[in-house]
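Undergrad: One structure is given below, represented as structure tokens, and several questions about it will come after.
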Amino acid sequence: MMHLDLSTSSHGDFVYRTAIIHKDSSLTTTRIRYKLFGNRIAEQPVSMDGFAFAILLHAMKYGKSLRIHGPVTREALHNLEELQQAWSLWRPDVYHHIDINADEVINRLPAPGHRSIAAFSGGIDSTFTVLRHRLKLAGSGSYDIGSVLLVQGFDIGFDNHDYFEKAIERSRPFIDKLGLDLRLIQTNSENPLFQDWEDSHGAELACCLHQYADEFQFGLLGSTKPYDGLVLPYGSNPATDHLLSGGGFSIIHDGAGFSRTAKAALLAQYDFAVEQLRVCYQGKLQYRNCGECEKCLRTYLNFLAAGNDRPACFDTVPKQSLISGIKTHSEAQVAELVSILNYARKKNIRADWLNDLQRAIDNHVPQSKLQSTGRKLFIGVKRLTANVLQFLRIKRPIKSVLHKVYAVGSPVAAPKIGATKSIGVANSRPTINAYIKD
């Protein structure tokens, strides 16, 4: 049997919540740490729902029954069962159905009103969700977003505090202009030795939102793929994200009615939203956009198709000559390129870059041709790379390094980063607590 315990401690202006995972037959213990900033944070969470969602795929991978030593809502237990049905059908060679029990089952959490908190990275998807609901652009369907959550440990390394603080500074004008409250979490959750990030990222981000279930009723996740361009299985999607909810705290998958280009078209109407966009995770400076990697070029294409050929989120305009050489490493990435092409055709756009985009799409090798052995090899490479990075104490996300390796020989490999544009960061930096407004 596998066990999930929780350890908490309070240190004045931050709280540690640590999920502890261990098996009966093993002396190995895994600790997933969450550091919540702000002196108004309760030491104990209202339930262990979020932690259960965050480690579900890990437990299913080993096929071990899971015992949760703490309170879990009845709705979360129902949803954990349904999530298992989905993932065991999607990846039967990896995930196996398991029994889940909890020491304490509670029917429902006290509802804290209709307040909402949104996961926010500074990317197109999360910026669209925050802007759309904060400005009530969804009409009567708008959620009452008053707070946004930035997480260190996903796109920016868990130990890379300087880059994270610069990322906060980049998004601060946007957050302040909308009058939003900023919440911060540091976590070591993204660990390829623990589980596959491509499958687990929605659940891991939902866990971070669950940390605030005592204050909010809804936690919003910006969609990654539109309804007419879904790629399954994928860690965050409109089919299963709602199953990451517990009793009294609901996870909302938002924005799937819009393609990424349609989102860019809306954001282009608000300069303060475009200026702060941060989409790059392959560049050396993770708080800015390199303008040469796959994600940066794809974002540039989003804005090109939306009629904006000089989006302010780039220090220098990306080179259109790099478009045909975009390297896609997943069905999800190539689906985004196809979506851009379809959007441009519907808008009757005629431009040379469309031919370059078509070539990039044609160069993609379908994942179905790689077979399951290829996926196992890929996971093995991820684990080996993670061990090497840990040994060398390199503070870069694993996906950044892997995409660099796979892109060798392409026009976008090893981009040359020049002088960075100043974003008003002082040489003597304050502690991260200075970014929290109590």
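Within each chain, counting starts at residue 1; across the structure tokens, chains are named A, B, ... in the order shown, with ligands numbered 1 upward in that order.
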Where does DSSP see strand (DSSP E) in segment 131-222 of chain A, if you list the residues as a list in words?

TA: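 Secondary structure check on segment 131-222 of chain A, strand (DSSP E): Asp144, Ile145, Gly146, Ser147, Val148, Leu149, Leu150, Val151, Gln152, Asp181, Leu182, Arg183, Leu184, Ile185, Gln186, Thr187, Phe218, Gly219, Leu220, Leu221 and Gly222 of chain A.
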
Undergrad: May I have the residues within 12 Å of Leu337 of chain A as a JSON list (two decimals) with N, CA and C atoms, in the first residue's frame, using only C-alpha atoms and disregarding those fewer than 3 positions away in the same chain?

TA:
[["chain", "number", "residue", "atom", "x", "y", "z"],
["A", 225, "LYS", "N", -6.00, 24.01, -25.14],
["A", 225, "LYS", "CA", -6.49, 23.64, -26.47],
["A", 225, "LYS", "C", -7.98, 23.99, -26.57],
["A", 229, "GLY", "N", -10.04, 21.52, -31.27],
["A", 229, "GLY", "CA", -8.66, 21.11, -31.52],
["A", 229, "GLY", "C", -8.07, 20.36, -30.35],
["A", 259, "SER", "N", -9.47, 29.63, -29.60],
["A", 259, "SER", "CA", -8.13, 29.17, -29.96],
["A", 259, "SER", "C", -7.11, 30.12, -29.34],
["A", 260, "ARG", "N", -5.85, 29.70, -29.34],
["A", 260, "ARG", "CA", -4.80, 30.56, -28.79],
["A", 260, "ARG", "C", -4.67, 31.85, -29.61],
["A", 261, "THR", "N", -4.91, 31.75, -30.90],
["A", 261, "THR", "CA", -4.84, 32.95, -31.74],
["A", 261, "THR", "C", -6.01, 33.89, -31.44],
["A", 294, "GLU", "N", 10.64, 27.41, -30.06],
["A", 294, "GLU", "CA", 9.35, 26.97, -30.61],
["A", 294, "GLU", "C", 8.19, 27.76, -30.01],
["A", 295, "LYS", "N", 8.18, 27.92, -28.69],
["A", 295, "LYS", "CA", 7.05, 28.59, -28.03],
["A", 295, "LYS", "C", 7.00, 30.07, -28.39],
["A", 297, "LEU", "N", 8.22, 31.50, -31.18],
["A", 297, "LEU", "CA", 7.82, 31.63, -32.58],
["A", 297, "LEU", "C", 6.33, 31.34, -32.75],
["A", 298, "ARG", "N", 5.83, 30.36, -32.02],
["A", 298, "ARG", "CA", 4.40, 30.05, -32.10],
["A", 298, "ARG", "C", 3.56, 31.22, -31.60],
["A", 299, "THR", "N", 4.02, 31.86, -30.53],
["A", 299, "THR", "CA", 3.30, 33.02, -30.00],
["A", 299, "THR", "C", 3.33, 34.17, -31.00],
["A", 300, "TYR", "N", 4.48, 34.37, -31.62],
["A", 300, "TYR", "CA", 4.59, 35.40, -32.66],
["A", 300, "TYR", "C", 3.61, 35.13, -33.79],
["A", 301, "LEU", "N", 3.47, 33.86, -34.18],
["A", 301, "LEU", "CA", 2.52, 33.49, -35.22],
["A", 301, "LEU", "C", 1.08, 33.76, -34.79],
["A", 302, "ASN", "N", 0.78, 33.52, -33.51],
["A", 302, "ASN", "CA", -0.55, 33.85, -32.98],
["A", 302, "ASN", "C", -0.89, 35.31, -33.24],
["A", 305, "ALA", "N", -1.24, 36.22, -37.08],
["A", 305, "ALA", "CA", -2.56, 35.85, -37.59],
["A", 305, "ALA", "C", -3.65, 36.77, -37.06],
["A", 323, "ILE", "N", 10.53, 30.43, -39.03],
["A", 323, "ILE", "CA", 9.23, 29.77, -38.90],
["A", 323, "ILE", "C", 9.24, 28.37, -39.50],
["A", 324, "SER", "N", 9.78, 28.21, -40.71],
["A", 324, "SER", "CA", 9.76, 26.91, -41.37],
["A", 324, "SER", "C", 10.57, 25.87, -40.62],
["A", 326, "ILE", "N", 10.61, 25.49, -37.28],
["A", 326, "ILE", "CA", 10.04, 25.18, -35.96],
["A", 326, "ILE", "C", 10.00, 23.67, -35.77],
["A", 327, "LYS", "N", 10.54, 23.21, -34.65],
["A", 327, "LYS", "CA", 10.54, 21.79, -34.33],
["A", 327, "LYS", "C", 9.46, 21.49, -33.29],
["A", 328, "THR", "N", 8.51, 20.63, -33.66],
["A", 328, "THR", "CA", 7.46, 20.23, -32.73],
["A", 328, "THR", "C", 7.78, 18.84, -32.20],
["A", 330, "SER", "N", 5.50, 17.13, -29.97],
["A", 330, "SER", "CA", 4.30, 16.47, -29.47],
["A", 330, "SER", "C", 3.12, 16.80, -30.36],
["A", 331, "GLU", "N", 2.08, 15.98, -30.25],
["A", 331, "GLU", "CA", 0.86, 16.24, -31.01],
["A", 331, "GLU", "C", 0.23, 17.55, -30.56],
["A", 332, "ALA", "N", 0.39, 17.88, -29.28],
["A", 332, "ALA", "CA", -0.18, 19.12, -28.76],
["A", 332, "ALA", "C", 0.45, 20.34, -29.43],
["A", 333, "GLN", "N", 1.76, 20.31, -29.65],
["A", 333, "GLN", "CA", 2.44, 21.44, -30.28],
["A", 333, "GLN", "C", 2.04, 21.59, -31.73],
["A", 334, "VAL", "N", 2.01, 20.49, -32.48],
["A", 334, "VAL", "CA", 1.65, 20.61, -33.89],
["A", 334, "VAL", "C", 0.19, 21.01, -34.05],
["A", 340, "ILE", "N", -3.34, 27.77, -35.86],
["A", 340, "ILE", "CA", -2.96, 29.10, -36.39],
["A", 340, "ILE", "C", -3.23, 29.16, -37.89],
["A", 341, "LEU", "N", -2.85, 28.10, -38.59],
["A", 341, "LEU", "CA", -3.06, 28.04, -40.04],
["A", 341, "LEU", "C", -4.54, 28.12, -40.38],
["A", 342, "ASN", "N", -5.36, 27.39, -39.65],
["A", 342, "ASN", "CA", -6.80, 27.40, -39.89],
["A", 342, "ASN", "C", -7.40, 28.78, -39.61],
["A", 343, "TYR", "N", -6.93, 29.42, -38.55],
["A", 343, "TYR", "CA", -7.42, 30.75, -38.20],
["A", 343, "TYR", "C", -7.11, 31.73, -39.33],
["A", 344, "ALA", "N", -5.88, 31.69, -39.84],
["A", 344, "ALA", "CA", -5.47, 32.60, -40.91],
["A", 344, "ALA", "C", -6.28, 32.37, -42.18],
["A", 354, "LEU", "N", 2.73, 31.99, -44.12],
["A", 354, "LEU", "CA", 1.82, 30.84, -44.09],
["A", 354, "LEU", "C", 2.45, 29.63, -44.77],
["A", 356, "ASP", "N", 5.67, 29.05, -44.87],
["A", 356, "ASP", "CA", 6.69, 28.58, -43.92],
["A", 356, "ASP", "C", 6.05, 27.77, -42.79],
["A", 357, "LEU", "N", 4.89, 28.24, -42.34],
["A", 357, "LEU", "CA", 4.18, 27.53, -41.28],
["A", 357, "LEU", "C", 3.75, 26.14, -41.77],
["A", 358, "GLN", "N", 3.27, 26.06, -43.01],
["A", 358, "GLN", "CA", 2.85, 24.76, -43.55],
["A", 358, "GLN", "C", 4.04, 23.80, -43.61],
["A", 359, "ARG", "N", 5.22, 24.30, -43.96],
["A", 359, "ARG", "CA", 6.40, 23.44, -44.00],
["A", 359, "ARG", "C", 6.75, 22.92, -42.61],
["A", 360, "ALA", "N", 6.62, 23.78, -41.61],
["A", 360, "ALA", "CA", 6.90, 23.34, -40.24],
["A", 360, "ALA", "C", 5.94, 22.24, -39.82],
["A", 361, "ILE", "N", 4.68, 22.37, -40.21],
["A", 361, "ILE", "CA", 3.67, 21.35, -39.87],
["A", 361, "ILE", "C", 3.98, 20.04, -40.60],
["A", 362, "ASP", "N", 4.35, 20.14, -41.88],
["A", 362, "ASP", "CA", 4.64, 18.95, -42.67],
["A", 362, "ASP", "C", 5.86, 18.19, -42.16],
["A", 363, "ASN", "N", 6.77, 18.89, -41.49],
["A", 363, "ASN", "CA", 7.99, 18.26, -40.98],
["A", 363, "ASN", "C", 7.78, 17.49, -39.69],
["A", 364, "HIS", "N", 6.60, 17.59, -39.10],
["A", 364, "HIS", "CA", 6.34, 16.90, -37.82],
["A", 364, "HIS", "C", 6.25, 15.40, -38.03]]

Undergrad: How far is it from atom CA of Gln186 of chain A to atom CA of Ala167 of chain A, in Å with one decimal?

TA: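 Spanning atom CA of Gln186 of chain A to atom CA of Ala167 of chain A is a straight-line distance of 13.5 Å.
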
Undergrad: Considering only C-alpha atoms, state which residue in the set A:Leu6, A:Leu109, A:Ile349, A:Val15 is at the smallest distance from Thr30 of chain A.

TA: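 For Thr30 of chain A, the nearest of the candidates is A:Leu6.
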
Undergrad: Could you give me, as an MDAnalysis selection string, the residues within 6 Å of segment 262-278 of chain A, counting only C-alpha atoms and dropping anything in the same chain fewer than 3 positions from it?

TA: chainID A and resid 122:123 170:171 174 258:259 288 303 306 312:313

Undergrad: Go ahead and dump the residues you just picked, N, CA and C atoms, as an mmCIF file, in the first residue's frame.

TA:
data_model
loop_
_atom_site.group_PDB
_atom_site.id
_atom_site.type_symbol
_atom_site.label_atom_id
_atom_site.label_comp_id
_atom_site.auth_asym_id
_atom_site.auth_seq_id
_atom_site.Cartn_x
_atom_site.Cartn_y
_atom_site.Cartn_z
ATOM 1 N N GLY A 122 1.572 34.390 -16.703
ATOM 2 C CA GLY A 122 1.999 35.442 -17.605
ATOM 3 C C GLY A 122 1.910 35.021 -19.053
ATOM 4 N N GLY A 123 1.468 33.787 -19.322
ATOM 5 C CA GLY A 123 1.301 33.303 -20.682
ATOM 6 C C GLY A 123 -0.013 33.750 -21.287
ATOM 7 N N ARG A 170 7.825 41.616 -14.008
ATOM 8 C CA ARG A 170 7.322 41.761 -15.374
ATOM 9 C C ARG A 170 5.795 41.803 -15.393
ATOM 10 N N SER A 171 5.160 40.987 -14.561
ATOM 11 C CA SER A 171 3.696 40.912 -14.547
ATOM 12 C C SER A 171 3.046 41.921 -13.609
ATOM 13 N N PHE A 174 0.531 44.638 -14.937
ATOM 14 C CA PHE A 174 -0.740 44.023 -15.340
ATOM 15 C C PHE A 174 -1.601 43.708 -14.126
ATOM 16 N N PHE A 258 -12.076 29.235 -27.254
ATOM 17 C CA PHE A 258 -11.231 30.154 -28.019
ATOM 18 C C PHE A 258 -9.914 29.463 -28.366
ATOM 19 N N SER A 259 -9.471 29.633 -29.597
ATOM 20 C CA SER A 259 -8.129 29.171 -29.955
ATOM 21 C C SER A 259 -7.109 30.118 -29.340
ATOM 22 N N ARG A 288 11.942 36.265 -19.494
ATOM 23 C CA ARG A 288 11.706 37.029 -20.704
ATOM 24 C C ARG A 288 11.529 36.071 -21.875
ATOM 25 N N PHE A 303 0.067 36.182 -32.927
ATOM 26 C CA PHE A 303 -0.178 37.616 -33.096
ATOM 27 C C PHE A 303 -0.154 38.027 -34.570
ATOM 28 N N ALA A 306 -3.420 37.344 -35.874
ATOM 29 C CA ALA A 306 -4.392 38.268 -35.277
ATOM 30 C C ALA A 306 -4.208 39.695 -35.777
ATOM 31 N N ALA A 312 4.392 43.588 -28.287
ATOM 32 C CA ALA A 312 5.317 44.250 -27.361
ATOM 33 C C ALA A 312 5.948 43.308 -26.343
ATOM 34 N N CYS A 313 5.549 42.053 -26.322
ATOM 35 C CA CYS A 313 6.137 41.123 -25.357
ATOM 36 C C CYS A 313 7.534 40.677 -25.762
#

Undergrad: Between A:Glu165, A:His114, A:Gly157, A:Ala239, which is the closest to Phe218 of chain A once you count only C-alpha atoms?

TA: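 The shortest atom-to-atom distance to Phe218 of chain A comes from A:His114.
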
Undergrad: I'd like the neighbourhood of segment 68-72 of chain A as a PyMOL selection string, where a residue qualifies if any of its atoms comes within 10 Å (using only C-alpha atoms), though same-chain residues fewer than 3 positions away should be ignored.

TA: chain A and resi 2-6+21+45-52+75-77+100-109+246-247

Undergrad: Go ahead and dump the residues you just picked, N, CA and C atoms, as a PDB file, in the first residue's frame.

TA:
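Heads up, here's the output in selection_10.pdb:
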ATOM      1  N   MET A   2       0.388   2.287  -0.666  1.00  0.00           N
ATOM      2  CA  MET A   2       1.057   3.583  -0.662  1.00  0.00           C
ATOM      3  C   MET A   2       0.321   4.496   0.306  1.00  0.00           C
ATOM      4  N   HIS A   3       1.075   5.345   0.995  1.00  0.00           N
ATOM      5  CA  HIS A   3       0.497   6.237   1.994  1.00  0.00           C
ATOM      6  C   HIS A   3       0.775   7.692   1.638  1.00  0.00           C
ATOM      7  N   LEU A   4      -0.204   8.545   1.910  1.00  0.00           N
ATOM      8  CA  LEU A   4      -0.054   9.990   1.745  1.00  0.00           C
ATOM      9  C   LEU A   4      -0.292  10.660   3.083  1.00  0.00           C
ATOM     10  N   ASP A   5       0.755  11.276   3.615  1.00  0.00           N
ATOM     11  CA  ASP A   5       0.664  12.034   4.861  1.00  0.00           C
ATOM     12  C   ASP A   5       0.939  13.498   4.566  1.00  0.00           C
ATOM     13  N   LEU A   6       0.657  14.347   5.552  1.00  0.00           N
ATOM     14  CA  LEU A   6       0.885  15.774   5.400  1.00  0.00           C
ATOM     15  C   LEU A   6       1.588  16.326   6.627  1.00  0.00           C
ATOM     16  N   ILE A  21       4.966  10.909   0.714  1.00  0.00           N
ATOM     17  CA  ILE A  21       4.497   9.696   0.052  1.00  0.00           C
ATOM     18  C   ILE A  21       5.476   8.568   0.331  1.00  0.00           C
ATOM     19  N   PRO A  45      -4.366  23.030   5.806  1.00  0.00           N
ATOM     20  CA  PRO A  45      -5.368  23.167   4.744  1.00  0.00           C
ATOM     21  C   PRO A  45      -6.702  22.611   5.215  1.00  0.00           C
ATOM     22  N   VAL A  46      -7.773  22.998   4.555  1.00  0.00           N
ATOM     23  CA  VAL A  46      -9.100  22.545   4.981  1.00  0.00           C
ATOM     24  C   VAL A  46      -9.335  21.079   4.634  1.00  0.00           C
ATOM     25  N   SER A  47      -8.577  20.550   3.665  1.00  0.00           N
ATOM     26  CA  SER A  47      -8.657  19.135   3.315  1.00  0.00           C
ATOM     27  C   SER A  47      -7.377  18.742   2.595  1.00  0.00           C
ATOM     28  N   MET A  48      -7.238  17.457   2.314  1.00  0.00           N
ATOM     29  CA  MET A  48      -6.093  16.970   1.556  1.00  0.00           C
ATOM     30  C   MET A  48      -6.464  16.657   0.117  1.00  0.00           C
ATOM     31  N   ASP A  49      -7.576  17.225  -0.346  1.00  0.00           N
ATOM     32  CA  ASP A  49      -8.048  16.962  -1.705  1.00  0.00           C
ATOM     33  C   ASP A  49      -6.971  17.244  -2.752  1.00  0.00           C
ATOM     34  N   GLY A  50      -6.390  18.438  -2.692  1.00  0.00           N
ATOM     35  CA  GLY A  50      -5.414  18.836  -3.707  1.00  0.00           C
ATOM     36  C   GLY A  50      -4.214  17.918  -3.768  1.00  0.00           C
ATOM     37  N   PHE A  51      -3.708  17.500  -2.608  1.00  0.00           N
ATOM     38  CA  PHE A  51      -2.539  16.627  -2.573  1.00  0.00           C
ATOM     39  C   PHE A  51      -2.861  15.264  -3.187  1.00  0.00           C
ATOM     40  N   ALA A  52      -4.088  14.786  -2.951  1.00  0.00           N
ATOM     41  CA  ALA A  52      -4.501  13.501  -3.526  1.00  0.00           C
ATOM     42  C   ALA A  52      -4.525  13.565  -5.051  1.00  0.00           C
ATOM     43  N   GLU A  75     -16.740  14.367  -2.437  1.00  0.00           N
ATOM     44  CA  GLU A  75     -16.751  14.680  -3.856  1.00  0.00           C
ATOM     45  C   GLU A  75     -15.379  14.430  -4.486  1.00  0.00           C
ATOM     46  N   ALA A  76     -14.315  14.732  -3.759  1.00  0.00           N
ATOM     47  CA  ALA A  76     -12.971  14.477  -4.272  1.00  0.00           C
ATOM     48  C   ALA A  76     -12.738  12.981  -4.480  1.00  0.00           C
ATOM     49  N   LEU A  77     -13.224  12.161  -3.560  1.00  0.00           N
ATOM     50  CA  LEU A  77     -13.078  10.710  -3.712  1.00  0.00           C
ATOM     51  C   LEU A  77     -13.821  10.215  -4.943  1.00  0.00           C
ATOM     52  N   ILE A 100      -8.584   3.680  -3.281  1.00  0.00           N
ATOM     53  CA  ILE A 100      -8.213   4.876  -2.524  1.00  0.00           C
ATOM     54  C   ILE A 100      -9.124   4.995  -1.310  1.00  0.00           C
ATOM     55  N   ASN A 101      -8.521   5.139  -0.139  1.00  0.00           N
ATOM     56  CA  ASN A 101      -9.267   5.317   1.096  1.00  0.00           C
ATOM     57  C   ASN A 101      -8.674   6.465   1.892  1.00  0.00           C
ATOM     58  N   ALA A 102      -9.487   7.046   2.757  1.00  0.00           N
ATOM     59  CA  ALA A 102      -9.040   8.170   3.582  1.00  0.00           C
ATOM     60  C   ALA A 102      -9.406   7.930   5.035  1.00  0.00           C
ATOM     61  N   ASP A 103      -8.574   8.446   5.935  1.00  0.00           N
ATOM     62  CA  ASP A 103      -8.851   8.313   7.365  1.00  0.00           C
ATOM     63  C   ASP A 103     -10.134   9.035   7.753  1.00  0.00           C
ATOM     64  N   GLU A 104     -10.391  10.151   7.068  1.00  0.00           N
ATOM     65  CA  GLU A 104     -11.577  10.959   7.392  1.00  0.00           C
ATOM     66  C   GLU A 104     -12.225  11.456   6.100  1.00  0.00           C
ATOM     67  N   VAL A 105     -13.524  11.220   5.953  1.00  0.00           N
ATOM     68  CA  VAL A 105     -14.265  11.689   4.782  1.00  0.00           C
ATOM     69  C   VAL A 105     -15.247  12.749   5.241  1.00  0.00           C
ATOM     70  N   ILE A 106     -15.145  13.941   4.652  1.00  0.00           N
ATOM     71  CA  ILE A 106     -16.063  15.025   5.011  1.00  0.00           C
ATOM     72  C   ILE A 106     -16.972  15.303   3.823  1.00  0.00           C
ATOM     73  N   ASN A 107     -18.216  15.601   4.123  1.00  0.00           N
ATOM     74  CA  ASN A 107     -19.211  15.753   3.065  1.00  0.00           C
ATOM     75  C   ASN A 107     -18.978  16.995   2.216  1.00  0.00           C
ATOM     76  N   ARG A 108     -18.651  18.099   2.852  1.00  0.00           N
ATOM     77  CA  ARG A 108     -18.482  19.327   2.077  1.00  0.00           C
ATOM     78  C   ARG A 108     -17.764  20.380   2.910  1.00  0.00           C
ATOM     79  N   LEU A 109     -16.954  21.189   2.235  1.00  0.00           N
ATOM     80  CA  LEU A 109     -16.272  22.289   2.903  1.00  0.00           C
ATOM     81  C   LEU A 109     -17.207  23.479   3.037  1.00  0.00           C
ATOM     82  N   GLY A 246     -13.030  19.454  -5.479  1.00  0.00           N
ATOM     83  CA  GLY A 246     -13.436  18.790  -4.248  1.00  0.00           C
ATOM     84  C   GLY A 246     -14.748  19.381  -3.761  1.00  0.00           C
ATOM     85  N   GLY A 247     -15.211  18.925  -2.631  1.00  0.00           N
ATOM     86  CA  GLY A 247     -16.445  19.452  -2.080  1.00  0.00           C
ATOM     87  C   GLY A 247     -16.249  20.847  -1.532  1.00  0.00           C
TER      88      GLY A 247
END

Undergrad: Using only C-alpha atoms, which of the listed residues (A:Asp315, A:Asp99, A:Asp159, A:Asp309) sits closest to Asn289 of chain A?

TA: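 Looking at the shortest contact to Asn289 of chain A, the residue is A:Asp315.
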
Undergrad: Can you pull out the residues contacting Leu220 of chain A? Cut-off 9 Å, using only C-alpha atoms, and skip same-chain residues under 6 positions away; I want them as a VMD selection string.

TA: chain A and resid 116 to 119 126 129 to 130 143 145 206 209 250 to 254

Undergrad: Select, from A:His97, A:Lys284, A:Lys346, A:His58, the residue with the minimum atom-to-atom distance to Glu82 of chain A, counting only C-alpha atoms.

TA: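 Looking only at the distances to Glu82 of chain A, the closest residue turns out to be A:His97.
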
Undergrad: Could you check the closest approach to Gln282 of chain A for each of A:Leu232, A:Phe53, A:Ser9, A:Asp155 and tell me which residue wins, using only C-alpha atoms?

TA: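 Under the stated criterion, the closest residue is A:Asp155.
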
Undergrad: Given only C-alpha atoms as the basis, pick out the residue of A:Pro318, A:Pro226, A:Pro233, A:Pro238 nearest to Leu89 of chain A.

TA: A:Pro233

Undergrad: So which residues touch Trp90 of chain A within 12 Å, counting only C-alpha atoms, skipping near sequence neighbours fewer than 4 positions away, as a PyMOL selection string?

TA: chain A and resi 83-86+94-96+199+231-235+240

Undergrad: Selection from above, N, CA and C atoms, as an mmCIF file, in the first residue's frame, can you write it?

TA:
data_model
loop_
_atom_site.group_PDB
_atom_site.id
_atom_site.type_symbol
_atom_site.label_atom_id
_atom_site.label_comp_id
_atom_site.auth_asym_id
_atom_site.auth_seq_id
_atom_site.Cartn_x
_atom_site.Cartn_y
_atom_site.Cartn_z
ATOM 1 N N LEU A 83 -11.362 10.073 -12.500
ATOM 2 C CA LEU A 83 -10.069 10.374 -13.131
ATOM 3 C C LEU A 83 -9.306 9.093 -13.450
ATOM 4 N N GLN A 84 -9.381 8.139 -12.551
ATOM 5 C CA GLN A 84 -8.715 6.867 -12.799
ATOM 6 C C GLN A 84 -9.283 6.164 -14.018
ATOM 7 N N GLN A 85 -10.598 6.257 -14.175
ATOM 8 C CA GLN A 85 -11.223 5.632 -15.338
ATOM 9 C C GLN A 85 -10.669 6.233 -16.624
ATOM 10 N N ALA A 86 -10.511 7.561 -16.620
ATOM 11 C CA ALA A 86 -10.014 8.242 -17.821
ATOM 12 C C ALA A 86 -8.573 7.846 -18.131
ATOM 13 N N VAL A 94 0.536 2.309 -18.761
ATOM 14 C CA VAL A 94 1.252 3.074 -17.739
ATOM 15 C C VAL A 94 0.468 3.149 -16.433
ATOM 16 N N TYR A 95 -0.835 3.422 -16.514
ATOM 17 C CA TYR A 95 -1.630 3.691 -15.316
ATOM 18 C C TYR A 95 -2.638 2.572 -15.058
ATOM 19 N N HIS A 96 -2.725 2.178 -13.768
ATOM 20 C CA HIS A 96 -3.570 1.066 -13.360
ATOM 21 C C HIS A 96 -4.533 1.515 -12.255
ATOM 22 N N ASP A 199 1.444 14.562 -18.439
ATOM 23 C CA ASP A 199 0.184 13.980 -17.970
ATOM 24 C C ASP A 199 -0.314 14.641 -16.689
ATOM 25 N N VAL A 231 -6.394 17.652 -27.949
ATOM 26 C CA VAL A 231 -5.405 16.584 -28.048
ATOM 27 C C VAL A 231 -5.473 15.787 -26.760
ATOM 28 N N LEU A 232 -5.860 14.532 -26.859
ATOM 29 C CA LEU A 232 -5.980 13.670 -25.678
ATOM 30 C C LEU A 232 -5.160 12.403 -25.893
ATOM 31 N N PRO A 233 -4.538 11.898 -24.818
ATOM 32 C CA PRO A 233 -4.562 12.434 -23.449
ATOM 33 C C PRO A 233 -3.623 13.616 -23.297
ATOM 34 N N TYR A 234 -3.988 14.496 -22.383
ATOM 35 C CA TYR A 234 -3.181 15.665 -22.056
ATOM 36 C C TYR A 234 -3.508 16.071 -20.631
ATOM 37 N N GLY A 235 -2.512 16.563 -19.922
ATOM 38 C CA GLY A 235 -2.638 16.794 -18.485
ATOM 39 C C GLY A 235 -3.691 17.796 -18.072
ATOM 40 N N THR A 240 -11.491 16.463 -18.288
ATOM 41 C CA THR A 240 -11.211 15.949 -16.936
ATOM 42 C C THR A 240 -10.813 17.003 -15.913
#
